[in-house]
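**Student:** This is coords-v8.cif (mmCIF, C-alpha atoms and all ligand atoms).
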```cif
data_protein
#
loop_
_atom_site.label_atom_id
_atom_site.label_comp_id
_atom_site.auth_asym_id
_atom_site.auth_seq_id
_atom_site.Cartn_x
_atom_site.Cartn_y
_atom_site.Cartn_z
CA MET A 1 98.63 66.18 93.87
CA THR A 2 98.49 67.78 97.31
CA GLN A 3 99.60 71.39 97.48
CA ALA A 4 102.32 72.39 99.95
CA VAL A 5 101.02 74.48 102.83
CA HIS A 6 103.18 77.54 103.39
CA THR A 7 103.19 79.61 106.55
CA ARG A 8 103.78 82.84 104.57
CA ARG A 9 103.27 83.93 101.00
CA ILE A 10 105.91 86.48 100.00
CA PHE A 11 105.44 88.82 97.03
CA SER A 12 107.72 91.58 95.81
CA GLY A 13 108.61 93.29 92.55
CA VAL A 14 111.34 95.36 90.98
CA GLN A 15 111.01 97.70 87.99
CA PRO A 16 113.11 97.03 84.88
CA THR A 17 114.11 100.68 84.66
CA GLY A 18 117.88 100.29 84.39
CA ASN A 19 120.70 98.41 85.99
CA LEU A 20 120.03 97.17 89.48
CA THR A 21 121.85 99.26 92.06
CA LEU A 22 123.51 98.25 95.28
CA GLY A 23 120.43 99.83 96.94
CA ASN A 24 118.03 97.51 95.12
CA TYR A 25 120.31 94.60 95.94
CA LEU A 26 120.71 95.25 99.68
CA GLY A 27 117.24 96.70 100.25
CA ALA A 28 115.37 94.06 98.27
CA VAL A 29 116.92 91.29 96.16
CA LYS A 30 119.43 89.96 98.73
CA ARG A 31 116.53 89.55 101.12
CA PHE A 32 114.34 87.93 98.45
CA VAL A 33 117.07 85.30 98.15
CA GLU A 34 117.26 84.70 101.92
CA MET A 35 113.49 84.25 102.07
CA GLN A 36 113.76 81.18 99.88
CA ASP A 37 115.39 79.33 102.78
CA HIS A 38 112.17 79.19 104.79
CA ASP A 39 108.98 77.25 104.47
CA TRP A 40 107.44 80.20 102.61
CA GLN A 41 106.07 80.53 99.12
CA THR A 42 108.11 83.21 97.34
CA ILE A 43 106.83 85.09 94.28
CA TYR A 44 109.06 87.69 92.61
CA CYS A 45 108.00 89.85 89.72
CA VAL A 46 109.73 92.06 87.16
CA VAL A 47 107.15 94.84 87.16
CA ASP A 48 107.29 96.00 83.55
CA LEU A 49 103.83 97.64 83.70
CA HIS A 50 105.12 99.85 86.50
CA ALA A 51 108.19 100.74 84.45
CA ILE A 52 106.14 102.43 81.69
CA THR A 53 104.64 104.94 84.12
CA VAL A 54 107.63 106.95 82.91
CA TRP A 55 108.78 106.80 79.28
CA GLN A 56 110.72 103.66 78.32
CA ASP A 57 112.19 102.97 74.93
CA PRO A 58 110.50 99.66 73.87
CA GLU A 59 113.69 97.82 72.87
CA GLN A 60 115.45 99.05 75.97
CA LEU A 61 112.51 97.91 78.14
CA ARG A 62 112.64 94.41 76.66
CA ARG A 63 116.36 94.28 77.29
CA ALA A 64 116.04 95.65 80.83
CA THR A 65 113.35 93.06 81.64
CA ARG A 66 115.67 90.22 80.63
CA GLU A 67 118.65 91.84 82.35
CA LEU A 68 116.72 92.20 85.59
CA THR A 69 115.69 88.57 85.36
CA ALA A 70 119.36 87.65 84.81
CA ALA A 71 120.24 89.78 87.85
CA PHE A 72 117.60 88.00 89.95
CA LEU A 73 119.03 84.64 88.93
CA ALA A 74 122.65 85.76 89.37
CA CYS A 75 121.87 87.00 92.90
CA GLY A 76 120.54 83.55 93.78
CA LEU A 77 116.82 83.50 93.05
CA ASP A 78 116.04 79.95 92.08
CA PRO A 79 113.12 79.22 89.72
CA ALA A 80 112.78 75.79 91.34
CA ARG A 81 112.03 77.44 94.70
CA SER A 82 110.49 80.79 93.68
CA ILE A 83 108.00 81.91 91.07
CA LEU A 84 109.82 84.40 88.80
CA PHE A 85 107.93 86.20 86.06
CA ASN A 86 107.23 89.54 84.44
CA GLN A 87 104.04 91.32 85.35
CA SER A 88 102.62 91.92 81.85
CA GLN A 89 102.46 88.18 81.16
CA VAL A 90 99.80 87.83 83.87
CA PRO A 91 96.99 90.18 82.75
CA GLU A 92 95.14 89.80 86.06
CA HIS A 93 97.51 92.41 87.56
CA ALA A 94 96.08 95.12 85.32
CA GLN A 95 92.53 93.82 85.76
CA LEU A 96 92.66 93.90 89.55
CA ALA A 97 94.37 97.30 89.42
CA TRP A 98 91.29 98.69 87.64
CA ILE A 99 89.05 97.47 90.43
CA PHE A 100 91.40 99.13 92.92
CA ASN A 101 91.31 102.37 90.93
CA CYS A 102 87.65 102.34 91.88
CA VAL A 103 88.30 101.49 95.55
CA ALA A 104 91.22 103.78 96.45
CA ARG A 105 90.35 107.40 97.23
CA LEU A 106 91.90 110.40 95.52
CA GLY A 107 92.93 111.81 98.90
CA TRP A 108 94.93 108.65 99.64
CA LEU A 109 96.92 108.91 96.42
CA ASN A 110 97.49 112.62 97.00
CA ARG A 111 99.48 111.71 100.10
CA MET A 112 101.94 109.39 98.32
CA THR A 113 105.40 110.89 98.74
CA GLN A 114 106.97 108.86 95.92
CA PHE A 115 104.56 110.44 93.43
CA LYS A 116 105.50 113.88 94.72
CA ASP A 117 109.23 113.03 94.45
CA LYS A 118 108.96 111.53 90.97
CA ALA A 119 106.56 114.10 89.54
CA GLY A 120 108.60 116.98 90.94
CA LYS A 121 107.52 120.43 89.78
CA ASP A 122 106.15 119.18 86.48
CA ARG A 123 103.06 117.46 87.89
CA GLU A 124 100.69 118.39 85.09
CA ARG A 125 102.83 116.61 82.52
CA VAL A 126 103.46 113.22 84.18
CA SER A 127 101.43 110.18 83.14
CA THR A 128 98.24 109.30 84.98
CA GLY A 129 99.84 105.86 85.35
CA LEU A 130 102.45 107.35 87.68
CA TYR A 131 99.65 108.70 89.84
CA VAL A 132 97.77 105.39 90.14
CA TYR A 133 101.00 103.36 90.42
CA PRO A 134 100.23 102.49 94.09
CA ASN A 135 96.90 100.91 93.06
CA LEU A 136 98.71 98.63 90.61
CA MET A 137 101.20 97.76 93.34
CA ALA A 138 98.30 96.89 95.66
CA ALA A 139 96.92 94.64 92.91
CA ASP A 140 100.33 92.95 92.49
CA ILE A 141 100.37 92.00 96.15
CA LEU A 142 96.71 91.20 96.78
CA LEU A 143 96.28 89.19 93.57
CA TYR A 144 98.27 86.47 95.34
CA HIS A 145 96.79 87.07 98.79
CA ALA A 146 100.40 87.70 99.79
CA THR A 147 100.99 87.97 103.53
CA HIS A 148 104.47 89.59 103.52
CA VAL A 149 106.16 92.09 101.23
CA PRO A 150 109.95 92.58 101.51
CA VAL A 151 110.74 96.14 100.40
CA GLY A 152 113.14 99.00 101.05
CA GLU A 153 112.08 101.84 103.33
CA ASP A 154 110.90 103.94 100.33
CA GLN A 155 108.05 101.51 99.56
CA LYS A 156 106.61 101.34 103.08
CA GLN A 157 103.93 103.92 102.37
CA HIS A 158 102.76 101.95 99.32
CA VAL A 159 102.38 98.75 101.34
CA GLU A 160 100.38 100.71 103.93
CA LEU A 161 98.11 101.94 101.13
CA THR A 162 97.72 98.33 99.99
CA ARG A 163 96.45 97.49 103.48
CA ASP A 164 93.97 100.38 103.31
CA ILE A 165 92.71 99.23 99.91
CA ALA A 166 92.32 95.64 101.15
CA ALA A 167 90.39 96.82 104.22
CA LYS A 168 88.11 99.13 102.24
CA PHE A 169 87.35 96.47 99.62
CA ASN A 170 86.57 93.88 102.31
CA ASN A 171 84.40 96.37 104.17
CA ASP A 172 82.55 97.83 101.14
CA TYR A 173 81.66 94.40 99.78
CA GLY A 174 81.03 92.72 103.15
CA VAL A 175 83.78 90.09 102.72
CA PRO A 176 85.77 90.61 105.93
CA ASP A 177 88.53 88.09 105.26
CA PHE A 178 88.82 88.15 101.48
CA PHE A 179 91.98 90.22 101.02
CA PRO A 180 94.60 89.77 103.76
CA GLN A 181 96.45 92.64 105.43
CA PRO A 182 99.98 92.21 104.04
CA GLU A 183 102.92 93.12 106.26
CA PRO A 184 105.84 95.14 104.87
CA VAL A 185 109.12 93.43 105.77
CA ILE A 186 111.76 96.15 106.10
CA GLU A 187 114.81 94.65 107.78
CA GLY A 188 118.58 94.65 107.66
CA ALA A 189 121.36 97.20 107.87
CA ALA A 190 120.59 98.78 104.47
CA THR A 191 116.87 99.33 104.06
CA ARG A 192 117.67 102.77 102.64
CA VAL A 193 120.98 102.96 100.80
CA MET A 194 121.75 106.58 99.99
CA SER A 195 123.30 108.24 96.95
CA LEU A 196 127.11 108.34 97.00
CA ARG A 197 126.92 112.01 95.97
CA ASP A 198 124.27 113.18 98.43
CA GLY A 199 123.59 111.41 101.72
CA THR A 200 120.06 112.82 101.90
CA LYS A 201 118.88 111.22 98.62
CA LYS A 202 118.30 107.50 98.10
CA MET A 203 120.49 105.60 95.68
CA SER A 204 118.38 105.14 92.57
CA LYS A 205 118.73 103.46 89.15
CA SER A 206 117.32 106.50 87.39
CA ASP A 207 119.48 109.14 89.10
CA PRO A 208 121.05 111.17 86.27
CA SER A 209 124.51 110.80 87.87
CA ASP A 210 126.06 107.36 87.44
CA MET A 211 128.57 108.33 90.15
CA SER A 212 125.68 108.40 92.66
CA ARG A 213 125.24 104.64 92.58
CA ILE A 214 126.97 101.28 92.32
CA ASN A 215 125.40 99.18 89.57
CA LEU A 216 125.51 95.40 89.79
CA THR A 217 127.13 95.50 86.34
CA ASP A 218 129.99 97.84 87.39
CA ASP A 219 133.50 96.40 87.12
CA ALA A 220 136.05 96.53 89.93
CA ASP A 221 137.64 99.76 88.68
CA ALA A 222 134.31 101.56 88.43
CA ILE A 223 133.28 100.42 91.93
CA SER A 224 136.59 101.50 93.47
CA GLN A 225 136.47 104.86 91.72
CA LYS A 226 132.88 105.55 92.79
CA ILE A 227 133.63 104.69 96.41
CA ARG A 228 136.85 106.69 96.40
CA LYS A 229 134.94 109.71 95.09
CA ALA A 230 131.92 109.21 97.37
CA ARG A 231 131.10 112.36 99.26
CA THR A 232 132.15 112.28 102.93
CA ASP A 233 133.08 114.75 105.65
CA PRO A 234 136.64 115.46 106.87
CA GLU A 235 136.28 113.75 110.29
CA PRO A 236 137.52 110.20 110.93
CA LEU A 237 134.93 107.47 111.54
CA PRO A 238 133.47 107.49 115.06
CA SER A 239 133.88 104.44 117.31
CA GLU A 240 130.17 104.25 118.11
CA VAL A 241 126.94 104.48 116.13
CA ALA A 242 125.82 107.57 118.09
CA GLY A 243 128.76 109.42 116.53
CA LEU A 244 127.15 109.04 113.06
CA GLU A 245 124.38 111.45 114.05
CA GLY A 246 124.23 114.29 111.52
CA ARG A 247 126.79 112.54 109.26
CA ALA A 248 124.51 111.08 106.57
CA GLU A 249 127.30 110.14 104.14
CA ALA A 250 129.43 108.45 106.79
CA ARG A 251 126.41 106.56 108.08
CA ASN A 252 125.58 105.39 104.57
CA LEU A 253 129.06 103.95 103.94
CA VAL A 254 129.08 102.22 107.33
CA ASN A 255 125.63 100.74 106.67
CA ILE A 256 126.73 99.47 103.25
CA TYR A 257 129.78 97.86 104.84
CA ALA A 258 127.61 96.31 107.54
CA ALA A 259 125.04 94.93 105.09
CA LEU A 260 127.68 93.44 102.79
CA SER A 261 129.75 91.91 105.58
CA GLY A 262 126.81 90.68 107.64
CA LEU A 263 128.16 92.63 110.65
CA SER A 264 126.22 95.15 112.71
CA ALA A 265 127.06 98.85 112.32
CA GLU A 266 128.43 98.69 115.90
CA ALA A 267 130.81 95.88 114.93
CA VAL A 268 131.95 97.78 111.83
CA LEU A 269 132.75 100.83 113.93
CA ALA A 270 134.47 98.72 116.60
CA GLU A 271 136.85 97.62 113.84
CA HIS A 272 137.15 100.82 111.78
CA GLY A 273 136.35 103.62 114.29
CA GLY A 274 139.04 106.31 114.36
CA LYS A 275 140.19 105.62 110.79
CA PRO A 276 140.09 108.36 108.17
CA PHE A 277 137.97 107.73 105.05
CA SER A 278 141.17 107.37 103.05
CA GLU A 279 141.63 104.05 104.91
CA PHE A 280 138.01 102.97 105.25
CA LYS A 281 137.04 103.54 101.60
CA PRO A 282 139.55 101.04 100.13
CA ALA A 283 138.32 98.39 102.61
CA LEU A 284 134.73 99.12 101.59
CA ALA A 285 135.67 99.04 97.90
CA ASP A 286 137.35 95.62 98.31
CA LEU A 287 134.32 94.23 100.10
CA THR A 288 131.93 95.65 97.49
CA VAL A 289 133.95 94.28 94.58
CA ALA A 290 134.14 90.85 96.23
CA SER A 291 130.34 90.84 96.70
CA ILE A 292 129.33 92.26 93.30
CA SER A 293 131.87 90.76 90.87
CA PRO A 294 130.52 87.18 90.99
CA ILE A 295 127.02 88.57 90.38
CA SER A 296 128.00 90.63 87.35
CA ALA A 297 130.01 87.75 85.87
CA LYS A 298 127.01 85.43 86.27
CA MET A 299 124.68 88.05 84.77
CA ARG A 300 126.86 88.32 81.65
CA GLU A 301 126.82 84.55 81.29
CA LEU A 302 123.04 84.35 81.68
CA MET A 303 122.45 87.15 79.17
CA GLY A 304 124.20 84.93 76.62
CA ASP A 305 121.09 82.71 76.55
CA VAL A 306 118.07 84.99 76.24
CA ALA A 307 115.83 82.09 75.16
CA GLU A 308 116.43 80.43 78.53
CA ILE A 309 115.55 83.65 80.37
CA ASP A 310 112.31 83.91 78.38
CA ARG A 311 111.54 80.28 79.16
CA ILE A 312 111.97 80.91 82.90
CA LEU A 313 109.70 83.99 82.72
CA GLY A 314 107.07 82.07 80.76
CA LYS A 315 107.07 79.14 83.18
CA GLY A 316 106.88 81.53 86.14
CA ALA A 317 103.96 83.37 84.52
CA GLU A 318 102.08 80.08 84.20
CA GLN A 319 102.67 79.31 87.88
CA ALA A 320 101.65 82.83 88.87
CA SER A 321 98.46 82.60 86.78
CA GLU A 322 97.42 79.45 88.59
CA ILE A 323 97.23 81.46 91.80
CA ALA A 324 96.02 84.74 90.28
CA GLU A 325 93.17 83.57 88.04
CA PRO A 326 90.89 82.15 90.76
CA ILE A 327 91.50 85.15 93.02
CA LEU A 328 90.57 87.58 90.22
CA ALA A 329 87.53 85.48 89.28
CA LYS A 330 86.35 85.56 92.89
CA THR A 331 86.97 89.32 93.04
CA TYR A 332 84.84 89.87 89.91
CA GLU A 333 82.08 87.76 91.41
CA ILE A 334 82.19 89.74 94.67
CA VAL A 335 82.05 93.03 92.74
CA GLY A 336 79.07 91.85 90.69
CA MET A 337 80.45 91.21 87.21
CA VAL A 338 78.48 88.74 85.07
CA ARG A 339 80.77 85.94 83.86
CA SER A 340 78.89 83.90 81.24
CA ARG A 341 81.59 82.33 79.09
N1 LIG A 401 118.34 103.06 97.77
C1 LIG A 401 117.64 101.99 98.15
N2 LIG A 401 117.91 101.39 99.34
C2 LIG A 401 117.21 100.29 99.73
N3 LIG A 401 116.23 99.72 98.97
C3 LIG A 401 115.94 100.29 97.79
N4 LIG A 401 115.07 99.98 96.83
C4 LIG A 401 115.17 100.86 95.80
N5 LIG A 401 116.13 101.77 96.08
C5 LIG A 401 116.63 101.44 97.31
C6 LIG A 401 114.15 98.85 96.88
O1 LIG A 401 114.34 98.11 95.69
C7 LIG A 401 113.09 97.51 95.36
C8 LIG A 401 112.83 97.72 93.90
O2 LIG A 401 112.63 99.06 93.61
P1 LIG A 401 111.95 99.50 92.25
O3 LIG A 401 112.87 99.31 91.14
O4 LIG A 401 110.67 98.82 92.09
O5 LIG A 401 111.63 101.00 92.44
P2 LIG A 401 112.29 102.13 93.22
O6 LIG A 401 112.08 101.95 94.69
O7 LIG A 401 111.76 103.41 92.65
O8 LIG A 401 113.85 101.92 92.91
P3 LIG A 401 114.80 102.86 92.13
O9 LIG A 401 116.15 102.22 92.07
O10 LIG A 401 114.78 104.25 92.72
O11 LIG A 401 114.19 102.86 90.67
P4 LIG A 401 113.76 104.07 89.76
O12 LIG A 401 114.97 104.94 89.71
O13 LIG A 401 113.39 103.48 88.45
O14 LIG A 401 112.62 104.74 90.44
C9 LIG A 401 112.04 98.10 96.25
O15 LIG A 401 111.74 97.17 97.27
C10 LIG A 401 112.71 99.31 96.84
O16 LIG A 401 112.24 99.59 98.13
#
```
What do you get writing this file as structure tokens?
Ligand code: AQP

**Tutor:**
Amino acid sequence: MTQAVHTRRIFSGVQPTGNLTLGNYLGAVKRFVEMQDHDWQTIYCVVDLHAITVWQDPEQLRRATRELTAAFLACGLDPARSILFNQSQVPEHAQLAWIFNCVARLGWLNRMTQFKDKAGKDRERVSTGLYVYPNLMAADILLYHATHVPVGEDQKQHVELTRDIAAKFNNDYGVPDFFPQPEPVIEGAATRVMSLRDGTKKMSKSDPSDMSRINLTDDADAISQKIRKARTDPEPLPSEVAGLEGRAEARNLVNIYAALSGLSAEAVLAEHGGKPFSEFKPALADLTVASISPISAKMRELMGDVAEIDRILGKGAEQASEIAEPILAKTYEIVGMVRSR
């Protein structure tokens, strides 16, 4: 059988750490779906090994892994066109991550802002896994020789670190073209969806306040209530994008509207500029409900057949292993490991 030649190999992952938010959807999954429409190979991973860098209840983790897979499918990821699997079923991720633990420099990891944000003031007590998380992410990407990585703005620094690790490995071992330099793909109106309670913080699945985010599982009432209560300022919407300067919450709601409607922020303001939030918020709520409700209904249906979800993950893991195994074997050979069985 001849293998299809793809012009790009896309890899990205999402952690099963709770319900997917509108931020994860607009910043990542919606774009994963669009990428299937090109002549690209698309590989999407539920990164369960990343999830345990902070404590996860085992039963809850298993459930969240299946729910995230259901969310991927409900959003339009198609196992016939994309490889969908969970990270721990392909052990080469952890194996390559160890090699990268020995390539990446301490100083590089010390600069990672996500570690600083997640560790907060309690640095001494967080897991060492959280610290080396970026090395595992580099392994996820480079294990497939991926060329492009669709992510939200918050992950840009990690993809840059992946490039540094690839370059250092290639240079240290004298294999100039072995690992490619993957490109982060950060596009669209909502690469950084912000919390509904604080326009300076990103919307996040693990934010303690459920009112800060829209979950893909929220029903119409919950979505409308969260948008109605979203923090804003007293001024009406400006007619031009420049007028959003210094108005983080207003900008966030306009960007969400733009991303969901497929309009530019300029076009949204051309239509809604001058309106008070009491008029704009119901329009945004209607649009959000119309976009999210079919996804949550489909997710509920898919979660009714867990065996089918597990089958899809297992099949995807087999397909992923076919690409990953030879790349890891070659990496071990380059590094100097004896392989005698
Ligand atoms: N608010 C956001 N706006 C745009 N994109 C976002 N992403 C996350 N939040 C936003 C993108 O979603 C993808 C998957 O993220 P992840 O689950 O692997 O980890 P994360 O970035 O740490 O996301 P969360 O929601 O904040 O999870 P927790 O709370 O568990 O840490 C990534 O491409 C990310 O950029």

**Student:** Write out as a PyMOL selection string which residues come within 10 Å of Ala259 of chain A when counting all atoms listed in the file, dropping same-chain ones fewer than 5 positions away.

**Tutor:** chain A and resi 26-27+30+188-191+193+253-254+264-265

**Student:** What's around segment 41-43 of chain A at 7 Å? Count only C-alpha atoms, leave out sequence neighbours fewer than 5 positions away in its own chain, and write the answer as a PDB file with C-alpha atoms, in the frame of the given file.

**Tutor:**
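Output contents, as saved in part19.pdb:
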```pdb
ATOM      1  CA  HIS A   6     103.180  77.540 103.390  1.00  0.00           C
ATOM      2  CA  ARG A   8     103.780  82.840 104.570  1.00  0.00           C
ATOM      3  CA  ARG A   9     103.270  83.930 101.000  1.00  0.00           C
ATOM      4  CA  ILE A  10     105.910  86.480 100.000  1.00  0.00           C
ATOM      5  CA  PHE A  11     105.440  88.820  97.030  1.00  0.00           C
ATOM      6  CA  SER A  12     107.720  91.580  95.810  1.00  0.00           C
ATOM      7  CA  GLN A  36     113.760  81.180  99.880  1.00  0.00           C
ATOM      8  CA  SER A  82     110.490  80.790  93.680  1.00  0.00           C
ATOM      9  CA  ILE A  83     108.000  81.910  91.070  1.00  0.00           C
ATOM     10  CA  LEU A  84     109.820  84.400  88.800  1.00  0.00           C
TER      11      LEU A  84
END
```

**Student:** Excluding Ala139 of chain A and residues on its chain fewer than 6 positions from it, collect all residues at most 9 Å away from it, counting all atoms listed in the file, and give them as JSON, numbers by chain.

**Tutor:** {"A": [92, 93, 94, 95, 96, 97, 98, 99, 100, 162]}

**Student:** If we count all atoms listed in the file, what is near Met112 of chain A at a cut-off of 12 Å, once residues fewer than 2 positions away on the same chain are taken out, given as an MDAnalysis selection string?

**Tutor:** chainID A and resid 105:110 114:119 130:135 154:162

**Student:** Just want the residues within 9 Å of ligand LIG 401 (chain A), written as a PyMOL selection string, counting all atoms listed in the file.

**Tutor:** chain A and resi 12-29+46-47+50-51+54+114+118+149-156+186+190-195+201-207+213

**Student:** Can you list, as a list in words, every protein, DNA or RNA residue that comes within 7 Å of Pro238 of chain A when you count all atoms listed in the file, leaving out same-chain residues fewer than 3 positions away?

**Tutor:**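 My reading of the contact set: Gly243, Leu244, Leu269, Gly273 and Gly274 of chain A.
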
**Student:** Report the distance between atom CA of Glu59 of chain A and atom CA of Val306 of chain A in Å, rounded to one decimal place.

**Tutor:**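 For atom CA of Glu59 of chain A relative to atom CA of Val306 of chain A, the distance reads 14.0 Å.
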
**Student:** Just give me the gap between atom CA of Ser224 of chain A and atom CA of Leu284 of chain A in Å, one decimal is fine.

**Tutor:**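 Value for the atom CA of Ser224 of chain A-atom CA of Leu284 of chain A distance: 8.7 Å.
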
**Student:** Of the residues A:Gly336, A:Pro234, A:Pro326, A:Gly316, which is the one nearest to Gln89 of chain A, using only C-alpha atoms?

**Tutor:**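 Of A:Gly336, A:Pro234, A:Pro326, A:Gly316, the one nearest Gln89 of chain A is A:Gly316, counting only C-alpha atoms.
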
**Student:** Would you tabulate, counting only C-alpha atoms, all residues of segment 26-87 of chain A that have an atom at most 12 Å from an atom of segment 216-220 of chain A, showing the closest pair of atoms and their distance in Å to one decimal, sorted by chain then ascending number, as a Markdown table?

**Tutor:**
```
| residue | atom | partner | partner_atom | distance |
| --- | --- | --- | --- | --- |
| A:Leu26 | CA | A:Leu216 | CA | 11.0 |
| A:Val29 | CA | A:Leu216 | CA | 11.5 |
| A:Glu67 | CA | A:Thr217 | CA | 10.1 |
| A:Leu68 | CA | A:Leu216 | CA | 10.3 |
| A:Ala70 | CA | A:Leu216 | CA | 11.1 |
| A:Ala71 | CA | A:Leu216 | CA | 7.9 |
| A:Phe72 | CA | A:Leu216 | CA | 10.8 |
| A:Ala74 | CA | A:Leu216 | CA | 10.1 |
| A:Cys75 | CA | A:Leu216 | CA | 9.7 |
```

**Student:** Counting only C-alpha atoms, figure out which residue out of A:Gly262, A:Pro236, A:Gly246, A:Gly314 gets nearest to Phe277 of chain A.

**Tutor:**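 Of all the options, A:Pro236 lies closest to Phe277 of chain A.
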
**Student:** Have a look at atom CA of Pro79 of chain A and atom CA of Ile295 of chain A and let me know their distance in Å, one decimal.

**Tutor:**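 One can read the atom CA of Pro79 of chain A to atom CA of Ile295 of chain A distance as 16.8 Å.
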
**Student:** Go through A:Arg339, A:Lys330, A:Arg247, A:Arg111 and flag the residue nearest Val175 of chain A, using only C-alpha atoms for the distances.

**Tutor:**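 Answer, going by the shortest atom-to-atom distance: A:Lys330.
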
**Student:** Output requested as a PDB file, in the frame of the given file - segment 322-333 of chain A, filled out with N, CA and C atoms.

**Tutor:**
```
ATOM      1  N   GLU A 322      98.198  80.465  87.857  1.00  0.00           N
ATOM      2  CA  GLU A 322      97.420  79.450  88.590  1.00  0.00           C
ATOM      3  C   GLU A 322      96.908  79.986  89.917  1.00  0.00           C
ATOM      4  N   ILE A 323      97.689  80.866  90.534  1.00  0.00           N
ATOM      5  CA  ILE A 323      97.230  81.460  91.800  1.00  0.00           C
ATOM      6  C   ILE A 323      96.318  82.654  91.512  1.00  0.00           C
ATOM      7  N   ALA A 324      96.703  83.457  90.515  1.00  0.00           N
ATOM      8  CA  ALA A 324      96.020  84.740  90.280  1.00  0.00           C
ATOM      9  C   ALA A 324      94.619  84.588  89.695  1.00  0.00           C
ATOM     10  N   GLU A 325      94.457  83.656  88.760  1.00  0.00           N
ATOM     11  CA  GLU A 325      93.170  83.570  88.040  1.00  0.00           C
ATOM     12  C   GLU A 325      91.986  83.334  88.984  1.00  0.00           C
ATOM     13  N   PRO A 326      92.055  82.336  89.874  1.00  0.00           N
ATOM     14  CA  PRO A 326      90.890  82.150  90.760  1.00  0.00           C
ATOM     15  C   PRO A 326      90.646  83.321  91.691  1.00  0.00           C
ATOM     16  N   ILE A 327      91.711  84.006  92.103  1.00  0.00           N
ATOM     17  CA  ILE A 327      91.500  85.150  93.020  1.00  0.00           C
ATOM     18  C   ILE A 327      90.836  86.299  92.263  1.00  0.00           C
ATOM     19  N   LEU A 328      91.239  86.527  91.004  1.00  0.00           N
ATOM     20  CA  LEU A 328      90.570  87.580  90.220  1.00  0.00           C
ATOM     21  C   LEU A 328      89.120  87.189  89.935  1.00  0.00           C
ATOM     22  N   ALA A 329      88.902  85.916  89.589  1.00  0.00           N
ATOM     23  CA  ALA A 329      87.530  85.480  89.280  1.00  0.00           C
ATOM     24  C   ALA A 329      86.620  85.705  90.488  1.00  0.00           C
ATOM     25  N   LYS A 330      87.141  85.383  91.669  1.00  0.00           N
ATOM     26  CA  LYS A 330      86.350  85.560  92.890  1.00  0.00           C
ATOM     27  C   LYS A 330      86.101  87.056  93.135  1.00  0.00           C
ATOM     28  N   THR A 331      87.120  87.862  92.848  1.00  0.00           N
ATOM     29  CA  THR A 331      86.970  89.320  93.040  1.00  0.00           C
ATOM     30  C   THR A 331      85.863  89.847  92.131  1.00  0.00           C
ATOM     31  N   TYR A 332      85.875  89.435  90.860  1.00  0.00           N
ATOM     32  CA  TYR A 332      84.840  89.870  89.910  1.00  0.00           C
ATOM     33  C   TYR A 332      83.451  89.455  90.410  1.00  0.00           C
ATOM     34  N   GLU A 333      83.383  88.255  90.916  1.00  0.00           N
ATOM     35  CA  GLU A 333      82.080  87.760  91.410  1.00  0.00           C
ATOM     36  C   GLU A 333      81.615  88.627  92.590  1.00  0.00           C
TER      37      GLU A 333
END
```
